[in-house]
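To keep things clear, I will list the structure first and then write my remarks on it.
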Amino acid sequence: NVIPVTGRSSVEGYLLSIFGGLTHMAVGENGGCITYGDKIQHKLLGNKGECIHALATIQSKIDIEIKEKSVFPRMTEVVLERTFEIDRAKKIAEEENLNVVLTDSGYGYHINSKGVDKGSGFLEALKILDVNLNDTVAIGDSETDIPLFKITKNSIAVSNSTENLKKIAKIVTTKKSGEGVLEGLDTMLSKD
């Protein structure tokens with residue numbers, strides 16, 4: 001089973017799985033939504049309403065214009081342009097006791113429901129597939145992959161990954177992106 005676990009929409013990941021001949025499943029929106037099955041189903045783990053409320057609250061307290069990023073429509077999260085200080089927005093979310101987390105994927109800032117991340121979404125996908133977590137490998141490059149790497153015993157960070165992700169990865173490749181994925185998988189196979 002190969003499951004895209006992405007910050008993009010689960011629909012985009014699902015389409016990739018179909019056209020790539022992978023397992024017909026994707027975890028998207030940084031764990032907020034799982035799209036799966038031959039008769040397309042969505043399992044929503046996040047609450048977009050609380051993310052929209054958080055955005056409005058943050059916008060009312062920051063003087064700079066905060067814009068939503070033009071992305072494929074999301075069912076459980078809000079994605080923002082990286083045009084403001086995310087730490088200030090995180091502080092506002094904490095002070096206002098908002099039930100959300102803000103993360104920086106390098107592509108955009110994401111507002112997700114608390115407790116929803118790539119790790120929790122992946123665990124839910126494994127339940128749907130009835131697959132053991134110990135039989136999995138996580139591959140990533142972003143800060144948003146940290147929760148996924150924390151729950152898997154086998155993890156590969158490609159060379160263009162963030163430093164924080166590299167620190168917790170079992171394998172860090174010398175190559176970037178797709179070539180790094182192949183290098184990491186070859187390294188993992190040679191260790192078995």
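If you're wondering about the labels, chains in the structure tokens are A, B, ... by order shown, residues count from 1 in each chain, ligands from 1 in order shown.
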From a DSSP calculation on the backbone, collect every residue of range 60-114 of chain A in strand (DSSP E) and output the set as number ranges by chain. A: 78-80, 100-104, 109-113
Could you pull the residues within 6 Å of range 158-169 of chain A, counting only C-alpha atoms, minus those fewer than 4 positions along the same chain, as a list in words? Asp141, Ser142, Ile146, Thr173, Thr174, Lys175, Lys176 and Gly180 of chain A
For N, CA, C and O atoms, I'd like the residues from the last selection saved as a short mmCIF file (atom, residue, chain, number, x, y, z; two decimals), in the first residue's frame.
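Result file is again-v2.cif:
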data_model
loop_
_atom_site.label_atom_id
_atom_site.label_comp_id
_atom_site.auth_asym_id
_atom_site.auth_seq_id
_atom_site.Cartn_x
_atom_site.Cartn_y
_atom_site.Cartn_z
N ASP A 141 9.55 15.89 3.77
CA ASP A 141 10.52 16.98 3.64
C ASP A 141 10.14 18.23 4.43
O ASP A 141 10.89 19.19 4.47
N SER A 142 8.97 18.25 5.07
CA SER A 142 8.43 19.48 5.64
C SER A 142 8.24 19.37 7.16
O SER A 142 8.15 18.28 7.71
N ILE A 146 6.63 16.15 10.67
CA ILE A 146 7.16 15.75 11.98
C ILE A 146 6.20 14.83 12.74
O ILE A 146 6.63 13.78 13.22
N THR A 173 18.68 11.35 3.24
CA THR A 173 19.31 11.06 1.96
C THR A 173 20.29 12.17 1.56
O THR A 173 20.27 13.26 2.12
N THR A 174 21.10 11.86 0.56
CA THR A 174 22.02 12.86 0.01
C THR A 174 21.40 13.54 -1.21
O THR A 174 21.91 14.54 -1.68
N LYS A 175 20.29 12.95 -1.70
CA LYS A 175 19.62 13.48 -2.89
C LYS A 175 18.30 14.13 -2.51
O LYS A 175 17.73 13.82 -1.48
N LYS A 176 17.81 15.01 -3.38
CA LYS A 176 16.58 15.75 -3.14
C LYS A 176 15.37 15.05 -3.73
O LYS A 176 15.50 14.23 -4.65
N GLY A 180 15.76 11.44 -3.92
CA GLY A 180 15.99 11.15 -2.51
C GLY A 180 15.09 10.03 -2.01
O GLY A 180 15.51 9.21 -1.19
#
Hey, can you check how far CA of Asp145 in chain A sits from CA of Thr76 in chain A?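 If I compute the distance from CA of Asp145 in chain A to CA of Thr76 in chain A, I get 17.7 Å.
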Which residue is closest to Glu143 in chain A? Choose from A:Val116, A:Val2, A:Ile40, A:Ala157 and count only C-alpha atoms. A:Ala157
Gap from CA of Gly119 in chain A to CA of Val5 in chain A - Å, one decimal: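 Going from CA of Gly119 in chain A over to CA of Val5 in chain A, I get 9.0 Å.
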Please identify the helix (DSSP H, G or I) residues within range 124-162 of chain A (assignment by DSSP from backbone atoms) and present them as an MDAnalysis selection string. chainID A and resid 124:129 133:135 143:151
For Ala56 in chain A, please output as an MDAnalysis selection string all residues within 12 Å (counting only C-alpha atoms; exclusion window: fewer than 5 positions along the same chain). chainID A and resid 49:51 61:62 65:68 78 89 92:93 96 98 111
Those residues with C-alpha atoms, as a PDB file, in the first residue's frame please?
ATOM      1  CA  GLY A  49     -15.647  26.013  10.786  1.00  0.00           C
ATOM      2  CA  GLU A  50     -13.290  26.408  13.723  1.00  0.00           C
ATOM      3  CA  CYS A  51     -10.430  27.145  11.305  1.00  0.00           C
ATOM      4  CA  LYS A  61      -5.898  41.334  15.738  1.00  0.00           C
ATOM      5  CA  ILE A  62      -3.125  41.703  13.147  1.00  0.00           C
ATOM      6  CA  GLU A  65      -3.596  41.935   5.488  1.00  0.00           C
ATOM      7  CA  ILE A  66      -3.830  38.162   5.810  1.00  0.00           C
ATOM      8  CA  LYS A  67      -4.844  36.438   2.586  1.00  0.00           C
ATOM      9  CA  GLU A  68      -6.047  32.933   1.926  1.00  0.00           C
ATOM     10  CA  VAL A  78      -7.582  27.018   5.818  1.00  0.00           C
ATOM     11  CA  ALA A  89      -0.789  34.346  14.855  1.00  0.00           C
ATOM     12  CA  ILE A  92      -3.214  35.004  19.244  1.00  0.00           C
ATOM     13  CA  ALA A  93      -4.663  31.507  18.801  1.00  0.00           C
ATOM     14  CA  GLU A  96      -7.933  33.443  22.466  1.00  0.00           C
ATOM     15  CA  LEU A  98      -8.852  28.798  19.766  1.00  0.00           C
ATOM     16  CA  ILE A 111      -4.810  26.383  10.140  1.00  0.00           C
TER      17      ILE A 111
END
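Between CA of Asn112 in chain A and CA of Gly20 in chain A there is a distance of 27.7 Å.
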Out of A:Asp117, A:His110, A:Ile58, A:Val131, which residue has the shortest atom-to-atom distance to Arg88 in chain A when counting only C-alpha atoms? A:Ile58
In terms of only C-alpha atoms, the residue from A:Val137, A:Leu102, A:Leu129, A:Val27 at minimal distance from Met188 in chain A is A:Val137
If we count only C-alpha atoms, what is near Ile128 in chain A at a cut-off of 12 Å, once residues fewer than 5 positions away on the same chain are taken out, given as a VMD selection string? chain A and resid 3 23 to 27 34 to 37 41 to 43 121 to 123
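Residues surrounding His53 in chain A within 10 Å are A:Gln59, A:Leu98, A:Asn99, A:Val100 [only C-alpha atoms; sequence separation below 6 positions excluded].
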Could the residues in this selection be saved with C-alpha atoms as a short mmCIF file (atom, residue, chain, number, x, y, z; two decimals), in the first residue's frame?
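Contents of the output file selection.cif:
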data_model
loop_
_atom_site.label_atom_id
_atom_site.label_comp_id
_atom_site.auth_asym_id
_atom_site.auth_seq_id
_atom_site.Cartn_x
_atom_site.Cartn_y
_atom_site.Cartn_z
CA GLN A 59 -7.29 38.89 11.05
CA LEU A 98 -8.85 28.80 19.77
CA ASN A 99 -9.10 25.07 19.08
CA VAL A 100 -6.60 25.24 16.20
#
Restricting the calculation to only C-alpha atoms: of A:Asn1, A:Ser113, A:Ser105, A:Ser120, which residue gets closest to Gly140 in chain A? A:Ser105
Need the shell around Ser70 in chain A: protein/DNA/RNA residues with any atom at most 12 Å away, counting only C-alpha atoms. Skip same-chain ones fewer than 6 positions apart. Format as a VMD selection string? chain A and resid 8 78 to 81 107 to 108
Could you check the closest approach to Glu12 in chain A for each of A:Ser60, A:Ala54, A:Asn47, A:Val71 and tell me which residue wins, using only C-alpha atoms? A:Val71
Determine the nearest neighbour of Asn97 in chain A from the options A:Ser17, A:Thr57, A:Ser9, A:Asn30, counting only C-alpha atoms. A:Thr57
